[in-house]
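J.: Below is the file start_20.cif, with mmCIF, C-alpha atoms.
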```cif
data_query
#
loop_
_atom_site.label_atom_id
_atom_site.label_comp_id
_atom_site.auth_asym_id
_atom_site.auth_seq_id
_atom_site.Cartn_x
_atom_site.Cartn_y
_atom_site.Cartn_z
CA MET T 709 -41.92 14.65 27.12
CA PHE T 710 -38.87 12.81 25.76
CA THR T 711 -38.00 15.79 23.54
CA SER T 712 -38.08 18.28 26.41
CA ARG T 713 -35.85 16.05 28.52
CA PHE T 714 -33.43 15.53 25.68
CA SER T 715 -33.24 19.29 25.09
CA ASN T 716 -31.88 19.71 28.63
CA PHE T 717 -29.04 17.25 28.05
CA THR T 718 -25.51 18.65 27.97
CA HIS T 719 -23.57 18.60 24.71
CA SER T 720 -21.48 15.69 26.03
CA THR T 721 -24.59 13.70 26.97
CA LYS T 722 -26.14 14.28 23.54
CA ALA T 723 -22.93 13.06 21.89
CA LYS T 724 -22.95 9.92 24.02
CA TYR T 725 -26.62 9.37 23.21
CA ASN T 726 -25.93 9.70 19.47
CA ILE T 727 -23.13 7.16 19.74
CA TYR T 728 -25.46 4.82 21.62
CA CYS T 729 -28.11 5.16 18.89
CA LYS T 730 -25.58 4.50 16.16
CA ARG T 731 -24.34 1.40 17.93
CA LYS T 732 -27.90 0.10 18.27
CA ILE T 733 -28.51 0.71 14.57
CA PHE T 734 -25.28 -0.99 13.53
CA SER T 735 -26.03 -3.88 15.90
CA PHE T 736 -29.36 -4.35 14.14
CA ILE T 737 -27.67 -4.16 10.73
CA LYS T 738 -25.05 -6.74 11.69
CA ARG T 739 -27.74 -9.15 12.93
CA LYS T 740 -29.74 -8.64 9.76
CA TYR T 741 -26.71 -9.19 7.53
CA SER T 742 -24.87 -11.76 9.66
CA ASP T 743 -24.32 -13.87 6.56
CA GLY T 744 -23.46 -10.87 4.43
CA TYR T 745 -21.08 -10.13 1.60
CA ILE T 746 -18.69 -7.21 1.11
CA LEU T 747 -17.92 -6.09 -2.43
CA GLY T 748 -14.56 -4.31 -2.79
CA LEU T 749 -13.79 -1.94 -5.67
CA GLU T 750 -10.29 -0.60 -6.43
CA THR T 751 -9.47 2.07 -9.04
CA SER T 752 -6.81 4.19 -7.32
CA CYS T 753 -4.20 4.03 -10.08
CA ASP T 754 -4.01 1.83 -13.17
CA ASP T 755 -5.61 -1.45 -12.08
CA THR T 756 -9.37 -2.05 -12.03
CA GLY T 757 -10.07 -4.61 -9.31
CA CYS T 758 -13.15 -6.10 -7.72
CA ALA T 759 -13.63 -8.85 -5.14
CA ILE T 760 -16.35 -10.28 -2.91
CA ILE T 761 -15.70 -11.61 0.60
CA ASN T 762 -18.28 -13.23 2.87
CA SER T 763 -18.78 -12.46 6.56
CA GLU T 764 -16.33 -15.24 7.50
CA GLY T 765 -13.55 -13.58 5.52
CA GLU T 766 -13.61 -16.14 2.72
CA LEU T 767 -12.86 -14.91 -0.79
CA LEU T 768 -15.72 -15.85 -3.10
CA ALA T 769 -14.57 -14.20 -6.32
CA GLU T 770 -12.13 -11.64 -7.67
CA THR T 771 -11.37 -9.96 -10.98
CA LEU T 772 -8.48 -7.70 -11.93
CA VAL T 773 -7.80 -5.87 -15.18
CA SER T 774 -4.35 -4.31 -15.47
CA GLN T 775 -3.45 -1.36 -17.70
CA ASN T 776 0.28 -2.04 -17.27
CA LEU T 777 1.17 -2.85 -20.89
CA ILE T 778 -0.68 0.20 -22.21
CA HIS T 779 1.13 2.54 -19.84
CA LEU T 780 4.49 0.85 -20.55
CA ARG T 781 4.12 1.81 -24.20
CA ASN T 782 3.34 5.40 -23.15
CA GLY T 783 6.41 5.61 -20.91
CA GLY T 784 4.35 6.03 -17.74
CA ILE T 785 0.84 6.40 -16.38
CA ILE T 786 -1.17 9.13 -18.11
CA PRO T 787 -4.11 10.04 -15.81
CA ASP T 788 -6.59 10.78 -18.65
CA ILE T 789 -5.91 7.41 -20.27
CA ALA T 790 -6.12 5.61 -16.91
CA ARG T 791 -9.51 7.24 -16.24
CA ASP T 792 -10.90 6.25 -19.65
CA LEU T 793 -9.74 2.66 -19.24
CA HIS T 794 -11.27 2.44 -15.75
CA THR T 795 -14.53 3.77 -17.18
CA ASN T 796 -14.50 1.01 -19.81
CA PHE T 797 -13.52 -1.77 -17.40
CA VAL T 798 -15.34 -1.04 -14.14
CA GLU T 799 -18.81 -2.36 -15.02
CA PRO T 800 -17.61 -5.58 -16.76
CA VAL T 801 -15.19 -6.25 -13.88
CA VAL T 802 -17.94 -5.93 -11.24
CA THR T 803 -20.40 -7.96 -13.34
CA LYS T 804 -17.86 -10.75 -13.84
CA THR T 805 -17.03 -10.87 -10.13
CA LEU T 806 -20.70 -11.10 -9.14
CA LYS T 807 -21.23 -13.86 -11.68
CA GLN T 808 -18.27 -15.85 -10.35
CA ALA T 809 -19.61 -15.50 -6.81
CA LYS T 810 -23.10 -16.51 -8.02
CA LEU T 811 -24.57 -13.38 -6.47
CA SER T 812 -26.47 -10.31 -7.57
CA VAL T 813 -25.85 -6.75 -6.44
CA ASN T 814 -28.94 -7.06 -4.23
CA ASP T 815 -27.21 -9.86 -2.28
CA VAL T 816 -24.29 -7.60 -1.37
CA THR T 817 -24.33 -6.21 2.16
CA ALA T 818 -22.07 -3.20 1.63
CA ILE T 819 -19.74 -1.76 -1.01
CA ALA T 820 -16.17 -0.92 -0.02
CA VAL T 821 -14.41 1.44 -2.41
CA THR T 822 -11.04 3.20 -2.46
CA LEU T 823 -11.52 6.94 -2.01
CA LYS T 824 -7.97 7.97 -1.04
CA PRO T 825 -5.13 8.40 -1.88
CA GLY T 826 -4.48 7.93 -5.60
CA LEU T 827 -4.93 9.50 -9.02
CA PRO T 828 -7.99 11.77 -8.66
CA LEU T 829 -9.37 10.91 -12.10
CA SER T 830 -9.06 7.18 -11.39
CA LEU T 831 -10.52 7.42 -7.88
CA THR T 832 -13.51 9.33 -9.22
CA VAL T 833 -14.47 6.49 -11.57
CA GLY T 834 -14.57 3.98 -8.72
CA MET T 835 -16.43 6.32 -6.39
CA ASN T 836 -19.09 7.20 -8.96
CA TYR T 837 -19.72 3.58 -9.87
CA ALA T 838 -19.90 2.55 -6.21
CA LYS T 839 -22.43 5.33 -5.57
CA HIS T 840 -24.42 4.19 -8.59
CA LEU T 841 -24.65 0.64 -7.23
CA ALA T 842 -25.39 1.83 -3.70
CA ARG T 843 -28.25 4.08 -4.78
CA ARG T 844 -29.70 1.48 -7.11
CA CYS T 845 -29.80 -1.24 -4.46
CA ASN T 846 -29.98 0.86 -1.28
CA LYS T 847 -26.63 -0.33 0.10
CA PRO T 848 -24.16 1.47 2.40
CA ILE T 849 -20.66 2.40 1.25
CA ILE T 850 -17.50 1.80 3.27
CA PRO T 851 -14.80 4.33 2.22
CA ILE T 852 -11.32 2.82 2.10
CA HIS T 853 -7.88 4.37 2.57
CA HIS T 854 -5.71 2.63 -0.02
CA MET T 855 -2.60 2.38 2.18
CA GLU T 856 -4.57 1.15 5.17
CA ALA T 857 -5.89 -1.64 2.95
CA HIS T 858 -2.32 -2.59 1.96
CA ALA T 859 -1.31 -2.68 5.62
CA LEU T 860 -4.26 -4.81 6.76
CA VAL T 861 -4.70 -7.39 3.99
CA VAL T 862 -1.97 -9.58 5.51
CA ARG T 863 -4.45 -10.39 8.30
CA MET T 864 -6.57 -12.23 5.75
CA GLU T 865 -3.83 -14.89 5.39
CA HIS T 866 -1.80 -14.73 8.60
CA ASN T 867 -2.51 -14.48 12.31
CA VAL T 868 -1.11 -10.96 12.70
CA SER T 869 -2.52 -9.20 15.76
CA PHE T 870 -2.46 -5.53 16.68
CA PRO T 871 -0.18 -3.67 17.12
CA TYR T 872 2.46 -4.29 14.46
CA LEU T 873 5.00 -2.35 12.42
CA THR T 874 4.38 -2.04 8.70
CA LEU T 875 6.53 -0.94 5.78
CA LEU T 876 4.46 -0.04 2.71
CA ILE T 877 6.52 0.22 -0.46
CA SER T 878 5.01 0.75 -3.90
CA GLY T 879 5.14 2.86 -7.03
CA GLY T 880 3.48 5.80 -5.31
CA HIS T 881 4.29 5.43 -1.60
CA CYS T 882 6.96 4.53 0.92
CA LEU T 883 5.71 4.57 4.52
CA LEU T 884 6.63 3.23 7.93
CA ALA T 885 3.79 3.06 10.43
CA VAL T 886 2.55 1.30 13.54
CA VAL T 887 -0.84 -0.33 12.98
CA GLU T 888 -2.69 -0.17 16.30
CA ASP T 889 -6.16 -1.09 15.05
CA VAL T 890 -8.25 -1.27 11.88
CA THR T 891 -8.55 2.52 11.74
CA LYS T 892 -5.70 3.60 14.02
CA PHE T 893 -2.24 4.19 12.57
CA LYS T 894 0.86 6.05 13.77
CA LEU T 895 3.06 7.30 10.93
CA LEU T 896 6.81 7.07 11.65
CA GLY T 897 8.28 7.93 8.26
CA GLU T 898 7.50 8.62 4.62
CA SER T 899 9.32 9.45 1.40
CA ILE T 900 10.27 13.12 1.08
CA ASP T 901 10.40 12.86 -2.72
CA ILE T 902 9.64 9.82 -4.87
CA ALA T 903 8.67 6.25 -4.01
CA PRO T 904 10.93 3.22 -4.71
CA GLY T 905 8.63 1.86 -7.41
CA GLU T 906 8.72 5.16 -9.28
CA MET T 907 12.52 5.22 -9.01
CA PHE T 908 12.81 1.68 -10.41
CA ASP T 909 10.47 2.54 -13.30
CA LYS T 910 12.45 5.65 -14.26
CA ILE T 911 15.81 3.91 -14.01
CA ALA T 912 14.64 0.88 -16.01
CA ARG T 913 13.24 3.18 -18.70
CA ARG T 914 16.50 5.17 -18.93
CA MET T 915 18.52 1.94 -19.03
CA LYS T 916 16.31 0.87 -21.98
CA LEU T 917 15.58 -2.51 -20.40
CA ARG T 918 12.28 -2.73 -22.26
CA ASN T 919 14.28 -3.15 -25.49
CA ILE T 920 15.18 -6.64 -24.24
CA VAL T 921 12.32 -9.02 -25.05
CA GLU T 922 12.55 -10.74 -21.67
CA TYR T 923 11.82 -7.45 -19.87
CA SER T 924 9.48 -5.84 -22.38
CA GLU T 925 6.30 -6.61 -20.42
CA MET T 926 7.73 -6.17 -16.91
CA CYS T 927 7.40 -3.16 -14.65
CA GLY T 928 10.67 -1.42 -13.84
CA GLY T 929 11.17 -3.01 -10.43
CA GLU T 930 10.68 -6.54 -11.72
CA ALA T 931 12.97 -5.95 -14.70
CA ILE T 932 15.73 -4.60 -12.46
CA GLU T 933 15.41 -7.53 -10.06
CA VAL T 934 15.61 -10.12 -12.85
CA ALA T 935 18.55 -8.32 -14.51
CA ALA T 936 20.36 -8.13 -11.16
CA LEU T 937 20.30 -11.94 -10.94
CA LYS T 938 22.59 -11.99 -13.98
CA ALA T 939 25.18 -9.59 -12.54
CA SER T 940 28.76 -10.81 -12.79
CA ASN T 941 30.16 -8.05 -10.55
CA PRO T 942 27.37 -6.63 -8.34
CA HIS T 943 29.88 -4.46 -6.43
CA LEU T 944 31.21 -2.71 -9.54
CA PHE T 945 29.26 0.48 -8.80
CA ASN T 946 29.38 2.31 -5.49
CA LEU T 947 26.10 4.02 -4.63
CA PRO T 948 25.49 6.20 -1.54
CA LEU T 949 23.21 5.47 1.39
CA PRO T 950 20.46 8.12 1.21
CA LEU T 951 19.83 10.32 4.27
CA ALA T 952 22.65 8.63 6.18
CA ASP T 953 23.12 11.69 8.42
CA TYR T 954 19.40 12.26 9.10
CA ARG T 955 18.23 10.56 12.29
CA ASP T 956 14.62 10.00 11.33
CA CYS T 957 12.61 7.36 9.52
CA ASN T 958 11.95 9.27 6.30
CA PHE T 959 13.02 8.00 2.90
CA SER T 960 14.53 9.60 -0.19
CA PHE T 961 15.01 7.87 -3.54
CA ASN T 962 15.53 10.88 -5.81
CA GLY T 963 19.23 11.23 -5.00
CA LEU T 964 19.77 7.50 -5.44
CA LYS T 965 18.09 7.67 -8.84
CA THR T 966 20.38 10.54 -9.85
CA SER T 967 23.49 8.61 -8.75
CA VAL T 968 22.46 5.57 -10.80
CA LEU T 969 21.78 7.71 -13.89
CA LEU T 970 25.17 9.45 -13.54
CA HIS T 971 26.92 6.05 -13.56
CA LEU T 972 24.81 5.06 -16.56
CA TYR T 973 25.68 8.26 -18.43
CA ARG T 974 29.42 7.80 -17.79
CA LYS T 975 29.34 4.22 -19.03
CA GLU T 976 27.40 5.22 -22.14
CA ARG T 977 30.08 7.78 -22.95
CA GLU T 978 32.85 5.30 -22.16
CA HIS T 979 31.39 2.67 -24.52
CA ASN T 980 30.08 5.19 -27.07
CA ILE T 981 26.55 3.78 -26.71
CA ILE T 982 24.08 5.05 -29.29
CA ALA T 983 20.38 4.66 -30.07
CA ASP T 984 18.69 1.72 -28.29
CA ASN T 985 21.84 -0.15 -27.25
CA LEU T 986 22.50 -1.00 -23.59
CA ILE T 987 25.74 -0.67 -21.65
CA PRO T 988 27.61 -3.99 -21.14
CA GLU T 989 27.47 -3.50 -17.35
CA VAL T 990 23.69 -3.02 -17.20
CA ASN T 991 23.15 -6.11 -15.02
CA ASP T 992 25.80 -4.96 -12.54
CA LEU T 993 24.21 -1.52 -12.34
CA CYS T 994 20.82 -3.11 -11.71
CA ALA T 995 22.33 -5.15 -8.88
CA ALA T 996 23.91 -2.05 -7.36
CA THR T 997 20.57 -0.20 -7.56
CA LEU T 998 18.77 -3.05 -5.84
CA MET T 999 21.37 -3.38 -3.09
CA ALA T 1000 21.45 0.39 -2.38
CA SER T 1001 17.64 0.56 -2.24
CA SER T 1002 17.54 -2.37 0.18
CA ARG T 1003 20.21 -0.81 2.43
CA HIS T 1004 18.16 2.37 2.60
CA LEU T 1005 14.91 0.55 3.44
CA VAL T 1006 16.67 -1.57 6.09
CA HIS T 1007 18.41 1.46 7.62
CA ARG T 1008 15.18 3.41 8.13
CA THR T 1009 13.19 0.37 9.28
CA GLN T 1010 15.94 -0.39 11.80
CA ARG T 1011 15.48 3.06 13.35
CA ALA T 1012 11.70 2.54 13.41
CA MET T 1013 12.22 -0.66 15.38
CA GLU T 1014 14.45 1.18 17.85
CA PHE T 1015 11.87 3.97 18.22
CA CYS T 1016 9.08 1.46 18.83
CA GLN T 1017 11.24 -0.23 21.48
CA GLN T 1018 11.98 3.05 23.28
CA ASN T 1019 8.34 4.16 23.23
CA ASN T 1020 6.67 0.80 23.93
CA LEU T 1021 4.71 0.91 20.69
CA ILE T 1022 5.27 -2.79 19.92
CA PRO T 1023 5.08 -5.45 22.68
CA ASN T 1024 8.34 -7.32 23.29
CA GLU T 1025 6.55 -10.64 23.42
CA LYS T 1026 5.10 -10.27 19.91
CA LYS T 1027 7.17 -8.16 17.56
CA GLN T 1028 5.77 -8.22 14.02
CA LEU T 1029 6.80 -6.52 10.79
CA VAL T 1030 4.46 -6.51 7.78
CA ILE T 1031 5.80 -5.63 4.32
CA SER T 1032 3.22 -4.81 1.66
CA GLY T 1033 2.72 -2.86 -1.56
CA GLY T 1034 3.90 -3.67 -5.07
CA VAL T 1035 7.64 -3.36 -4.29
CA ALA T 1036 7.21 -5.90 -1.46
CA CYS T 1037 7.09 -8.55 -4.21
CA ASN T 1038 10.84 -7.95 -4.70
CA ASN T 1039 12.48 -10.98 -3.11
CA TYR T 1040 15.90 -9.38 -2.65
CA ILE T 1041 14.39 -6.53 -0.65
CA PHE T 1042 12.26 -8.95 1.37
CA LYS T 1043 15.30 -11.11 2.20
CA ALA T 1044 17.24 -8.05 3.36
CA LEU T 1045 14.37 -7.01 5.62
CA THR T 1046 14.10 -10.60 6.88
CA LEU T 1047 17.73 -10.42 8.07
CA LEU T 1048 16.90 -7.20 9.92
CA SER T 1049 13.80 -8.79 11.46
CA HIS T 1050 15.77 -11.76 12.76
CA GLU T 1051 18.35 -9.41 14.26
CA TYR T 1052 15.61 -7.58 16.21
CA ASN T 1053 13.53 -10.68 17.01
CA TYR T 1054 10.64 -9.66 14.76
CA GLU T 1055 8.40 -12.04 12.88
CA ILE T 1056 8.15 -10.81 9.29
CA TYR T 1057 5.11 -11.23 7.05
CA ARG T 1058 4.01 -10.21 3.59
CA PRO T 1059 0.85 -11.03 1.64
CA LYS T 1060 1.09 -13.30 -1.39
CA PRO T 1061 2.31 -11.37 -4.48
CA LYS T 1062 -1.11 -10.82 -6.04
CA LEU T 1063 -2.30 -9.21 -2.79
CA CYS T 1064 0.78 -6.98 -2.52
CA THR T 1065 -0.08 -5.13 -5.71
CA ASP T 1066 -3.30 -3.11 -6.09
CA ASN T 1067 -6.36 -5.37 -6.05
CA GLY T 1068 -9.99 -5.54 -5.06
CA VAL T 1069 -9.41 -8.25 -2.43
CA MET T 1070 -7.60 -5.93 -0.03
CA ILE T 1071 -10.40 -3.37 -0.40
CA ALA T 1072 -13.08 -5.95 0.35
CA TRP T 1073 -11.07 -7.26 3.31
CA ASN T 1074 -10.61 -3.77 4.73
CA GLY T 1075 -14.34 -3.23 4.25
CA LEU T 1076 -15.08 -6.41 6.19
CA GLU T 1077 -12.79 -5.42 9.06
CA LYS T 1078 -14.51 -2.02 9.26
CA TRP T 1079 -17.94 -3.68 9.04
CA ARG T 1080 -17.11 -5.95 11.97
CA LYS T 1081 -16.19 -2.87 14.04
CA CYS T 1082 -19.16 -0.81 12.78
CA SER T 1083 -16.68 1.80 11.54
CA ASP T 1084 -16.99 4.15 8.54
CA ILE T 1085 -20.29 2.71 7.30
CA VAL T 1086 -21.84 5.51 5.25
CA PHE T 1087 -25.51 5.72 4.25
CA ASN T 1088 -25.55 9.40 3.24
CA LEU T 1089 -23.60 9.28 -0.01
CA HIS T 1090 -23.51 13.08 -0.36
CA HIS T 1091 -20.78 13.15 2.28
CA LEU T 1092 -18.43 10.98 0.23
CA ASP T 1093 -15.62 12.40 -1.90
CA ILE T 1094 -12.16 11.44 -3.07
CA GLU T 1095 -8.79 12.68 -1.78
CA GLY T 1096 -5.81 12.47 -4.13
CA THR T 1097 -3.32 12.92 -1.30
CA CYS T 1098 -3.76 12.32 2.42
CA GLN T 1099 -1.82 11.32 5.50
CA LEU T 1100 -1.83 7.85 6.99
CA GLY T 1101 -3.00 8.12 10.59
CA GLU T 1102 -1.38 10.26 13.28
CA SER T 1103 2.07 11.57 12.39
CA LEU T 1104 4.93 10.86 14.81
CA ILE T 1105 7.55 11.88 12.25
CA THR T 1106 8.66 14.94 14.23
CA LYS T 1107 8.93 12.90 17.44
CA VAL T 1108 11.10 10.33 15.67
CA ALA T 1109 13.43 13.06 14.43
CA GLU T 1110 13.58 14.66 17.90
CA ALA T 1111 14.58 11.31 19.42
CA ARG T 1112 17.77 11.37 17.27
CA ILE T 1113 18.27 7.62 17.58
CA PRO T 1114 21.74 6.57 16.35
CA ILE T 1115 21.84 3.50 14.13
CA LYS T 1116 24.75 1.22 13.35
CA SER T 1117 24.11 0.10 9.79
CA MET T 1118 23.75 -3.62 9.33
CA LYS T 1119 25.82 -5.43 6.76
CA ILE T 1120 23.39 -7.02 4.34
CA LYS T 1121 24.70 -10.26 2.87
CA VAL T 1122 22.04 -11.25 0.37
CA ARG T 1123 23.04 -12.59 -3.01
CA CYS T 1124 21.25 -11.15 -6.04
#
```
Will you turn the file into structure tokens for me?
T.:
Amino acid sequence: MFTSRFSNFTHSTKAKYNIYCKRKIFSFIKRKYSDGYILGLETSCDDTGCAIINSEGELLAETLVSQNLIHLRNGGIIPDIARDLHTNFVEPVVTKTLKQAKLSVNDVTAIAVTLKPGLPLSLTVGMNYAKHLARRCNKPIIPIHHMEAHALVVRMEHNVSFPYLTLLISGGHCLLAVVEDVTKFKLLGESIDIAPGEMFDKIARRMKLRNIVEYSEMCGGEAIEVAALKASNPHLFNLPLPLADYRDCNFSFNGLKTSVLLHLYRKEREHNIIADNLIPEVNDLCAATLMASSRHLVHRTQRAMEFCQQNNLIPNEKKQLVISGGVACNNYIFKALTLLSHEYNYEIYRPKPKLCTDNGVMIAWNGLEKWRKCSDIVFNLHHLDIEGTCQLGESLITKVAEARIPIKSMKIKVRC
């Protein structure tokens, strides 16, 4: 009788019924696992991370193994090597985290794992291991978008409510977006070529900063920031403002990288630099690179704030800017963006440094936020797969460009 009635339902009614059933199921699951635990697994690039968070959002344990020194010796991340290292590390990292939390895999409620975007070979290791655990213990998987996790982890430490503006800056990404909810993002701008972290790495490598013992174990961005603190004449080099004539929120760091390397090449010829020697003005060039990068980030974020104001995307009574990603650890850049935020009456936030870089905590936290909303909880593991590249939310990039918002560049007075 029920079947015959259901067969007469319209397509819309069936869809609503399916949603109702899913909500009932998830409601049952949440009651059953009200005191549950979310295990987060991160293998999107070169760090193997795992963390466990309880249903109250408290961090119980975390483990992170970095491949940074290995890739520094190779001059950059080699995907095959990254995959092999993840394969070696992933099981010990998860085992150690469970031991620290005094839990077994059977105690875990769900497994959150990064499935996009990232290095495909690295993502595959995390996905396969998460599936292995899920099948063995009959647990659901919560697929995680790596950049969404970066944007949301700040909510673990600070009272940041939706909606808010976020700037995500790392070695692989540079994005401006409005975060409207746990799974709802509006993309305002992205890099049209390389990310700031990649630019810093390439410049630091060409400057030969790793030949100085102090910088030998630092990533490019950190080395450039520390070297810039020692600049005697930070305004010695004049670097252009990228995309100054383009009225959108996109970024470009390739041209800035080329300008820095041209200055470096000229100084090497001027001083007849050979082999592994550095130019005498290396600290000044680092300072100029840092200042130019900050001006570019501020300029595009300033337009994003104007666009949000014109389109009522951010409430006037609670304007919030969240900076996250590995490059967000750079204090000079954060101070420059803080000046911008004060000018536009925004509160500015960033996670603590260890949560800015890739880690399992942000994956577990994102998993918990999705669990609370009964969103993206997957029981059929055959439907899961990785995506090396993907967009963040709904793109408003064209609308931003069409708005052609003029910006008067701010003068940034931040000492290196």
J.: Using only C-alpha atoms, can you tell me which of T:Ile981, T:Cys845, T:Leu831, T:Ala790 comes closest to T:Asn814?
T.: T:Cys845
J.: Considering only C-alpha atoms, state which residue in the set T:Val1108, T:Glu930, T:Asn1039, T:Ser1001 is at the smallest distance from T:Lys894.
T.: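 Residue with the minimum atom-to-atom distance to T:Lys894: T:Val1108.
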J.: Convert the output of the PyMOL selection byres ((chain T and resi 1085) around 7) on the shown file into explicit residues, formatted as a VMD selection string.
T.: chain T and resid 848 to 850 1082 to 1084 1086 to 1087
J.: Kindly indicate which residue among T:Met835, T:Leu768, T:Leu1005, T:Val862 lies nearest to T:Ser1117, using all atoms listed in the file for the distances.
T.: T:Leu1005
J.: Running the PyMOL selection byres ((chain T and resi 976) around 12) on this model by hand, what would come out? Give it as a PDB file with C-alpha atoms, keeping the file's coordinate frame.
T.:
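Okay, expr_19.pdb is ready:
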```pdb
ATOM      1  CA  ARG T 914      16.500   5.170 -18.930  1.00  0.00           C
ATOM      2  CA  MET T 915      18.520   1.940 -19.030  1.00  0.00           C
ATOM      3  CA  LYS T 916      16.310   0.870 -21.980  1.00  0.00           C
ATOM      4  CA  LEU T 969      21.780   7.710 -13.890  1.00  0.00           C
ATOM      5  CA  LEU T 970      25.170   9.450 -13.540  1.00  0.00           C
ATOM      6  CA  HIS T 971      26.920   6.050 -13.560  1.00  0.00           C
ATOM      7  CA  LEU T 972      24.810   5.060 -16.560  1.00  0.00           C
ATOM      8  CA  TYR T 973      25.680   8.260 -18.430  1.00  0.00           C
ATOM      9  CA  ARG T 974      29.420   7.800 -17.790  1.00  0.00           C
ATOM     10  CA  LYS T 975      29.340   4.220 -19.030  1.00  0.00           C
ATOM     11  CA  ARG T 977      30.080   7.780 -22.950  1.00  0.00           C
ATOM     12  CA  GLU T 978      32.850   5.300 -22.160  1.00  0.00           C
ATOM     13  CA  HIS T 979      31.390   2.670 -24.520  1.00  0.00           C
ATOM     14  CA  ASN T 980      30.080   5.190 -27.070  1.00  0.00           C
ATOM     15  CA  ILE T 981      26.550   3.780 -26.710  1.00  0.00           C
ATOM     16  CA  ILE T 982      24.080   5.050 -29.290  1.00  0.00           C
ATOM     17  CA  ALA T 983      20.380   4.660 -30.070  1.00  0.00           C
ATOM     18  CA  ASP T 984      18.690   1.720 -28.290  1.00  0.00           C
ATOM     19  CA  ASN T 985      21.840  -0.150 -27.250  1.00  0.00           C
ATOM     20  CA  LEU T 986      22.500  -1.000 -23.590  1.00  0.00           C
ATOM     21  CA  ILE T 987      25.740  -0.670 -21.650  1.00  0.00           C
ATOM     22  CA  PRO T 988      27.610  -3.990 -21.140  1.00  0.00           C
ATOM     23  CA  GLU T 989      27.470  -3.500 -17.350  1.00  0.00           C
ATOM     24  CA  VAL T 990      23.690  -3.020 -17.200  1.00  0.00           C
TER      25      VAL T 990
END
```
J.: Skip T:Gln808 itself and residues of its chain fewer than 3 positions away, then list as number ranges by chain all residues within 8 Å of it, counting only C-alpha atoms.
T.: T: 768-770, 804-805, 811
J.: Could you check how far atom CA of T:Gly929 sits from atom CA of T:Leu917, in Å to one decimal?
T.: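 Here the two named atoms are 10.9 Å from each other.
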J.: Selected by the PyMOL selection byres ((chain T and resi 925) around 12) in the shown coordinates: which residues, as a list in words?
T.: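 Applying the PyMOL selection byres ((chain T and resi 925) around 12) to the structure shown produces Ser774, Gln775, Asn776, Leu777, Ile778, His779, Leu780, Arg781, Leu917, Arg918, Asn919, Ile920, Val921, Glu922, Tyr923, Ser924, Met926, Cys927, Gly928, Gly929, Glu930 and Ala931 of chain T.
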J.: Give me the residues near T:Pro828 as a PyMOL selection string, where near means some atom within 9 Å (using all atoms listed in the file) and where sequence neighbours in that chain fewer than 5 positions away do not count.
T.: chain T and resi 752-753+787+791+823+833+1094-1097
J.: Have a look at atom CA of T:Arg1008 and atom CA of T:Cys957 and let me know their distance in Å, one decimal.
T.: 4.9 Å
J.: Between T:Gln1017, T:Gly1068, T:Thr1106, T:Ser1049, which is the closest to T:Val798 once you count only C-alpha atoms?
T.: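 Among the listed residues, T:Gly1068 lies closest to T:Val798.
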J.: Ranking T:Ala759, T:Met864, T:Ala1072, T:Val968 by minimum distance to T:Lys807 and counting only C-alpha atoms, which one comes first?
T.: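 Of T:Ala759, T:Met864, T:Ala1072, T:Val968, the one nearest T:Lys807, counting only C-alpha atoms, is T:Ala759.
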J.: Skip T:Tyr745 itself and residues of its chain fewer than 4 positions away, then list as an MDAnalysis selection string all residues within 9 Å of it, counting all atoms listed in the file.
T.: chainID T and resid 741 760:763 815:819 1076
J.: One decimal, in Å: what's the spacing between atom CA of T:Glu865 and atom CA of T:Ile1056?
T.: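 The value is 13.2 Å.
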J.: Report as a PyMOL selection string all protein, DNA and RNA residues lying within 9 Å of stretch 1109-1115 of chain T, evaluated on only C-alpha atoms, omitting residues in the same chain fewer than 3 positions from it.
T.: chain T and resi 954-957+1007-1008+1010-1011+1014-1015+1104-1106+1118
J.: Could you check the closest approach to T:Lys1043 for each of T:Lys1060, T:Leu947, T:Asp909, T:Arg1003 and tell me which residue wins, using all atoms listed in the file?
T.: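 That would be T:Arg1003, the residue with the smallest distance to T:Lys1043.
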J.: First collect every listed atom of stretch 915-930 of chain T; then fit an axis-aligned box around them, widen it by 4 Å on each side, and give centre and edge lengths in Å to one decimal, as JSON.
T.:
```
{"center_x": 12.4, "center_y": -4.4, "center_z": -18.0, "size_x": 20.2, "size_y": 20.7, "size_z": 23.1}
```
J.: For T:Leu951, find every residue with an atom within 9 Å (counting only C-alpha atoms), except residues of its own chain fewer than 5 positions away, and show them as a short mmCIF file (atom, residue, chain, number, x, y, z; two decimals) with C-alpha atoms, in the coordinates of the input.
T.:
```cif
data_model
loop_
_atom_site.label_atom_id
_atom_site.label_comp_id
_atom_site.auth_asym_id
_atom_site.auth_seq_id
_atom_site.Cartn_x
_atom_site.Cartn_y
_atom_site.Cartn_z
CA ASP T 956 14.62 10.00 11.33
CA ASN T 958 11.95 9.27 6.30
CA PHE T 959 13.02 8.00 2.90
CA SER T 960 14.53 9.60 -0.19
CA HIS T 1004 18.16 2.37 2.60
#
```
